[in-house]
Amino acid sequence: MSAGSTPHARPGVCSPSAALLGFSDALDKTQVEGTAVAGLSALGLVRPGRALALVDNIGTTPARLVHLSVRPGHGGPAVSATGVTTLKRPDGTPYTGADFDGEGLVVERGGRSVLASSEVEPSIRRFRLDDGRQVAELPVPARLRVAPAGRAARNQTFEALAASRDGRTVYAGMEGPLAGDGDGMVRIVRYEGRPGGAYRPVAQYAYRTDPGLGLVELVVADGGLLALERGFTAGVGNTVRVHRVGIRGARDVSEVESLRDVPQAALPKEPLVDLADCPPSGATAKQPQPNPLLDNVEGMALGPGRVLYLVSDDNAGPAQTTRLYALVIR
């Protein structure tokens with residue numbers, strides 16, 4: 001049984017649509033190949049039992065992917081770090097936390113390359129997995145760039161990244177609103193293309209987050225999206241919610257100057273699970289939390305058997321935990 005996992009195999013009901021299979025703290029404050037396993041901000045499944053986690057901007061350490069062995073397990077996921085891939089510029093020099101803030105991850109079909117988003121500019125870059133070198137970059141709509149180049153706020157850009165099963169559609173979600181779009185109204189960009197090839201932005205959608213929360217991850221599922229929203233209040237703790245989101249017939253707001261003018265364009269959503277409603281299952285927290293199970297969850301991936309994995313970003317700090325969760329969803 002994984003360290004920190006729930007001691008019972010029976011899932012813990014969190015909502016009518018989701019149950020907690022368990023969690024593991026086995027990655028917390030560990031190292032692999034002499035590198036800290038910390039700052040895990042996105043999660044992508046390579047194949048059953050194998051995953052990648054993207055590290056965000058931790059000082060001036062090299063930008064990197066952590067290779068994981070992941071199994072749902074009985075009573076909680078079994079997870080371990082098995083290797084590291086350093087993400088490099090086209091000239092072969094490593095990106096670092098100074099110029100790459102990794103937040104979103106898509107493992108492309110075939111598992112030979114990944115798309116990774118960074119909040120700095122923002123950017124979406126393609127990296128080869130065999131050597132970690134950047135081989136392409138997707139275009140970003142001008143108004144979504146960080147001010148003064150665009151209307152986005154620093155550290156509030158492409159936090160979420162997801163792809164359809166065939167890889168022909170990629171969704172990139174902004175964590176926070178553009179200047180003038182109004183509180184809680186964020187944009188999701190739809191790209192069309194082919195895995196390993198070129199993509200172009202073809203539409204933008206309006207998404208309204210719950211009050212005080214930001215959009216931190218997306219997953220394509222059931223003809224729509226799953227959206228992970230997260231927030232933090234000092235002295236209280238984290239809020240972590242997943243919603244089902246409809247995209248069929250959604251209005252393209254690419255040419256809309258302010259989303260304040262089209263509140264009715266927001267994508268329809270319904271709650272899937274609020275992590276605070278799951279049973280604590282023996283979890284402990286290093287700081288105040290509404291439920292000790294909670295932490296700074298930023299990554300999400302949907303695996304076989306409708307197992308939804310979540311991973312928390314400990315920001316390489318002592319008051320937070322790197323925790324992997326496994327839930328089963330209906």
# chains A, B, ... in the order shown; residues from 1 in each chain; ligands from 1
>>> closest_atom_pairs(of="segment 49-78 of chain A", to="segment 149-173 of chain A", cutoff="12 Å", atoms="only C-alpha atoms", output="Markdown table")
| residue | atom | partner | partner_atom | distance |
| --- | --- | --- | --- | --- |
| A:Leu54 | CA | A:Glu159 | CA | 11.5 |
| A:Asp56 | CA | A:Glu159 | CA | 10.3 |
| A:Asn57 | CA | A:Asn155 | CA | 10.6 |
>>> write_last_selection(atoms="C-alpha atoms", output="compact mmCIF listing (two decimals), in the first residue's frame")
# COMPACT_ATOMS: atom_id res chain seq x y z
CA LEU A 54 5.92 18.94 -15.48
CA ASP A 56 7.15 24.75 -12.68
CA ASN A 57 9.60 27.59 -12.02
>>> select_by_dssp(residues="segment 169-206 of chain A", states="strand (DSSP E or B)", output="tab-separated table (two decimals) with all heavy atoms, in the first residue's frame")
chain	number	residue	atom	x	y	z
A	169	THR	N	-7.07	18.29	-31.72
A	169	THR	CA	-7.55	19.49	-31.05
A	169	THR	C	-6.83	19.65	-29.72
A	169	THR	O	-6.71	18.69	-28.95
A	169	THR	CB	-9.07	19.42	-30.79
A	169	THR	OG1	-9.75	19.22	-32.02
A	169	THR	CG2	-9.57	20.70	-30.15
A	170	VAL	N	-6.32	20.84	-29.47
A	170	VAL	CA	-5.65	21.17	-28.21
A	170	VAL	C	-6.36	22.37	-27.60
A	170	VAL	O	-6.71	23.31	-28.31
A	170	VAL	CB	-4.16	21.49	-28.45
A	170	VAL	CG1	-3.51	22.08	-27.19
A	170	VAL	CG2	-3.40	20.25	-28.89
A	171	TYR	N	-6.58	22.31	-26.29
A	171	TYR	CA	-7.20	23.41	-25.56
A	171	TYR	C	-6.18	23.98	-24.57
A	171	TYR	O	-5.55	23.24	-23.82
A	171	TYR	CB	-8.43	22.94	-24.79
A	171	TYR	CG	-9.54	22.42	-25.65
A	171	TYR	CD1	-9.63	21.06	-25.96
A	171	TYR	CD2	-10.50	23.27	-26.18
A	171	TYR	CE1	-10.65	20.56	-26.76
A	171	TYR	CE2	-11.53	22.79	-26.98
A	171	TYR	CZ	-11.59	21.44	-27.27
A	171	TYR	OH	-12.60	20.96	-28.07
A	172	ALA	N	-6.03	25.30	-24.59
A	172	ALA	CA	-5.14	25.99	-23.65
A	172	ALA	C	-5.98	26.97	-22.84
A	172	ALA	O	-6.65	27.84	-23.41
A	172	ALA	CB	-4.04	26.73	-24.39
A	173	GLY	N	-5.96	26.83	-21.52
A	173	GLY	CA	-6.79	27.64	-20.65
A	173	GLY	C	-5.99	28.66	-19.86
A	173	GLY	O	-4.94	28.33	-19.29
A	174	MET	N	-6.49	29.89	-19.82
A	174	MET	CA	-5.88	30.95	-19.01
A	174	MET	C	-6.30	30.77	-17.55
A	174	MET	O	-7.47	30.49	-17.25
A	174	MET	CB	-6.33	32.31	-19.51
A	174	MET	CG	-6.01	32.60	-20.97
A	174	MET	SD	-4.26	32.89	-21.27
A	174	MET	CE	-4.12	34.59	-20.69
A	185	MET	N	-13.89	35.72	-15.47
A	185	MET	CA	-14.14	35.36	-16.86
A	185	MET	C	-12.81	35.14	-17.57
A	185	MET	O	-12.07	36.09	-17.83
A	185	MET	CB	-14.95	36.45	-17.56
A	185	MET	CG	-16.40	36.51	-17.13
A	185	MET	SD	-17.38	35.09	-17.72
A	185	MET	CE	-17.82	35.66	-19.37
A	186	VAL	N	-12.49	33.89	-17.84
A	186	VAL	CA	-11.20	33.56	-18.46
A	186	VAL	C	-11.43	32.97	-19.85
A	186	VAL	O	-12.54	32.59	-20.21
A	186	VAL	CB	-10.40	32.58	-17.58
A	186	VAL	CG1	-10.18	33.16	-16.20
A	186	VAL	CG2	-11.09	31.22	-17.48
A	187	ARG	N	-10.36	32.90	-20.61
A	187	ARG	CA	-10.45	32.43	-21.99
A	187	ARG	C	-9.77	31.07	-22.15
A	187	ARG	O	-8.71	30.82	-21.58
A	187	ARG	CB	-9.84	33.45	-22.95
A	187	ARG	CG	-10.59	34.77	-22.95
A	187	ARG	CD	-10.05	35.73	-23.99
A	187	ARG	NE	-10.70	37.04	-23.88
A	187	ARG	CZ	-11.28	37.69	-24.88
A	187	ARG	NH1	-11.27	37.16	-26.11
A	187	ARG	NH2	-11.86	38.85	-24.69
A	188	ILE	N	-10.40	30.23	-22.95
A	188	ILE	CA	-9.84	28.95	-23.36
A	188	ILE	C	-9.65	29.01	-24.88
A	188	ILE	O	-10.59	29.32	-25.61
A	188	ILE	CB	-10.77	27.77	-22.99
A	188	ILE	CG1	-10.91	27.67	-21.47
A	188	ILE	CG2	-10.23	26.46	-23.57
A	188	ILE	CD1	-11.94	26.64	-21.02
A	189	VAL	N	-8.44	28.75	-25.33
A	189	VAL	CA	-8.12	28.79	-26.77
A	189	VAL	C	-8.18	27.38	-27.33
A	189	VAL	O	-7.61	26.44	-26.75
A	189	VAL	CB	-6.73	29.39	-27.02
A	189	VAL	CG1	-6.46	29.50	-28.52
A	189	VAL	CG2	-6.60	30.75	-26.36
A	190	ARG	N	-8.88	27.22	-28.46
A	190	ARG	CA	-8.90	25.94	-29.16
A	190	ARG	C	-7.95	25.99	-30.35
A	190	ARG	O	-8.05	26.89	-31.18
A	190	ARG	CB	-10.31	25.59	-29.64
A	190	ARG	CG	-10.41	24.16	-30.17
A	190	ARG	CD	-11.80	23.81	-30.66
A	190	ARG	NE	-11.89	23.92	-32.11
A	190	ARG	CZ	-12.86	24.56	-32.75
A	190	ARG	NH1	-13.80	25.20	-32.09
A	190	ARG	NH2	-12.87	24.57	-34.08
A	191	TYR	N	-7.04	25.03	-30.40
A	191	TYR	CA	-6.11	24.88	-31.51
A	191	TYR	C	-6.51	23.66	-32.33
A	191	TYR	O	-7.00	22.66	-31.79
A	191	TYR	CB	-4.68	24.66	-31.00
A	191	TYR	CG	-4.01	25.86	-30.39
A	191	TYR	CD1	-4.22	26.21	-29.06
A	191	TYR	CD2	-3.13	26.65	-31.14
A	191	TYR	CE1	-3.58	27.32	-28.49
A	191	TYR	CE2	-2.49	27.75	-30.58
A	191	TYR	CZ	-2.72	28.07	-29.26
A	191	TYR	OH	-2.09	29.16	-28.72
A	192	GLU	N	-6.27	23.72	-33.62
A	192	GLU	CA	-6.47	22.57	-34.50
A	192	GLU	C	-5.17	22.27	-35.23
A	192	GLU	O	-4.42	23.19	-35.61
A	192	GLU	CB	-7.59	22.85	-35.52
A	192	GLU	CG	-8.96	23.07	-34.91
A	192	GLU	CD	-9.57	21.82	-34.30
A	192	GLU	OE1	-9.07	20.71	-34.60
A	192	GLU	OE2	-10.53	21.94	-33.51
A	193	GLY	N	-4.88	20.98	-35.42
A	193	GLY	CA	-3.66	20.59	-36.11
A	193	GLY	C	-3.50	19.09	-36.06
A	193	GLY	O	-4.48	18.34	-36.08
A	199	TYR	N	-0.01	23.48	-35.34
A	199	TYR	CA	-1.33	23.81	-34.81
A	199	TYR	C	-1.57	25.30	-35.01
A	199	TYR	O	-0.63	26.10	-35.01
A	199	TYR	CB	-1.43	23.50	-33.31
A	199	TYR	CG	-1.51	22.05	-32.96
A	199	TYR	CD1	-0.35	21.30	-32.75
A	199	TYR	CD2	-2.74	21.41	-32.81
A	199	TYR	CE1	-0.42	19.95	-32.40
A	199	TYR	CE2	-2.82	20.07	-32.46
A	199	TYR	CZ	-1.65	19.36	-32.26
A	199	TYR	OH	-1.73	18.03	-31.92
A	200	ARG	N	-2.84	25.66	-35.15
A	200	ARG	CA	-3.19	27.08	-35.24
A	200	ARG	C	-4.41	27.33	-34.37
A	200	ARG	O	-5.30	26.48	-34.24
A	200	ARG	CB	-3.47	27.49	-36.68
A	200	ARG	CG	-4.66	26.78	-37.32
A	200	ARG	CD	-4.82	27.14	-38.78
A	200	ARG	NE	-5.99	26.49	-39.35
A	200	ARG	CZ	-7.21	27.04	-39.39
A	200	ARG	NH1	-7.40	28.25	-38.89
A	200	ARG	NH2	-8.24	26.39	-39.91
A	201	PRO	N	-4.47	28.51	-33.74
A	201	PRO	CA	-5.64	28.84	-32.92
A	201	PRO	C	-6.84	29.11	-33.82
A	201	PRO	O	-6.74	29.90	-34.77
A	201	PRO	CB	-5.21	30.09	-32.15
A	201	PRO	CG	-4.10	30.68	-32.98
A	201	PRO	CD	-3.43	29.56	-33.70
A	202	VAL	N	-7.98	28.47	-33.53
A	202	VAL	CA	-9.16	28.62	-34.39
A	202	VAL	C	-10.35	29.22	-33.64
A	202	VAL	O	-11.31	29.67	-34.27
A	202	VAL	CB	-9.57	27.28	-35.02
A	202	VAL	CG1	-8.45	26.76	-35.93
A	202	VAL	CG2	-9.92	26.24	-33.95
A	203	ALA	N	-10.31	29.24	-32.32
A	203	ALA	CA	-11.44	29.78	-31.56
A	203	ALA	C	-11.00	30.06	-30.13
A	203	ALA	O	-10.01	29.52	-29.64
A	203	ALA	CB	-12.62	28.81	-31.55
A	204	GLN	N	-11.77	30.95	-29.47
A	204	GLN	CA	-11.63	31.19	-28.04
A	204	GLN	C	-13.00	31.05	-27.40
A	204	GLN	O	-14.02	31.45	-27.99
A	204	GLN	CB	-11.07	32.60	-27.76
A	204	GLN	CG	-9.65	32.81	-28.23
A	204	GLN	CD	-9.16	34.23	-28.01
A	204	GLN	OE1	-9.59	34.91	-27.07
A	204	GLN	NE2	-8.26	34.70	-28.86
A	205	TYR	N	-13.02	30.49	-26.20
A	205	TYR	CA	-14.26	30.32	-25.46
A	205	TYR	C	-14.17	31.04	-24.12
A	205	TYR	O	-13.08	31.17	-23.54
A	205	TYR	CB	-14.55	28.84	-25.22
A	205	TYR	CG	-14.62	28.02	-26.49
A	205	TYR	CD1	-13.88	26.85	-26.63
A	205	TYR	CD2	-15.42	28.41	-27.55
A	205	TYR	CE1	-13.94	26.09	-27.78
A	205	TYR	CE2	-15.49	27.67	-28.72
A	205	TYR	CZ	-14.74	26.51	-28.83
A	205	TYR	OH	-14.80	25.78	-29.98
A	206	ALA	N	-15.31	31.49	-23.64
A	206	ALA	CA	-15.39	32.14	-22.33
A	206	ALA	C	-15.72	31.10	-21.27
A	206	ALA	O	-16.61	30.27	-21.45
A	206	ALA	CB	-16.44	33.23	-22.35
>>> closest_residue(among="A:Ala227, A:Leu178, A:Ala19, A:Val114", to="Ala142 of chain A", atoms="only C-alpha atoms")
A:Leu178
>>> atom_distance(atom1="atom CA of Ala26 of chain A", atom2="atom CA of Glu103 of chain A")
21.7 Å
>>> closest_residue(among="A:Thr239, A:Ser254, A:Thr30, A:Ser41", to="Glu298 of chain A", atoms="only C-alpha atoms")
A:Ser41
>>> closest_atom_pairs(of="segment 120-151 of chain A", to="segment 77-92 of chain A", cutoff="8 Å", atoms="only C-alpha atoms", output="tab-separated table")
residue	atom	partner	partner_atom	distance
A:Phe127	CA	A:Leu87	CA	7.0
A:Leu129	CA	A:Thr85	CA	7.2
A:Asp131	CA	A:Thr85	CA	7.3
A:Gly132	CA	A:Leu87	CA	4.7
A:Arg133	CA	A:Lys88	CA	4.6
A:Gln134	CA	A:Pro90	CA	5.0
A:Val135	CA	A:Pro90	CA	6.4
>>> closest_residue(among="A:Ile58, A:Pro304, A:Ala250, A:Val13", to="Ala266 of chain A", atoms="only C-alpha atoms")
A:Ala250
>>> atom_distance(atom1="atom CA of Asp313 of chain A", atom2="atom CA of Leu43 of chain A")
10.8 Å
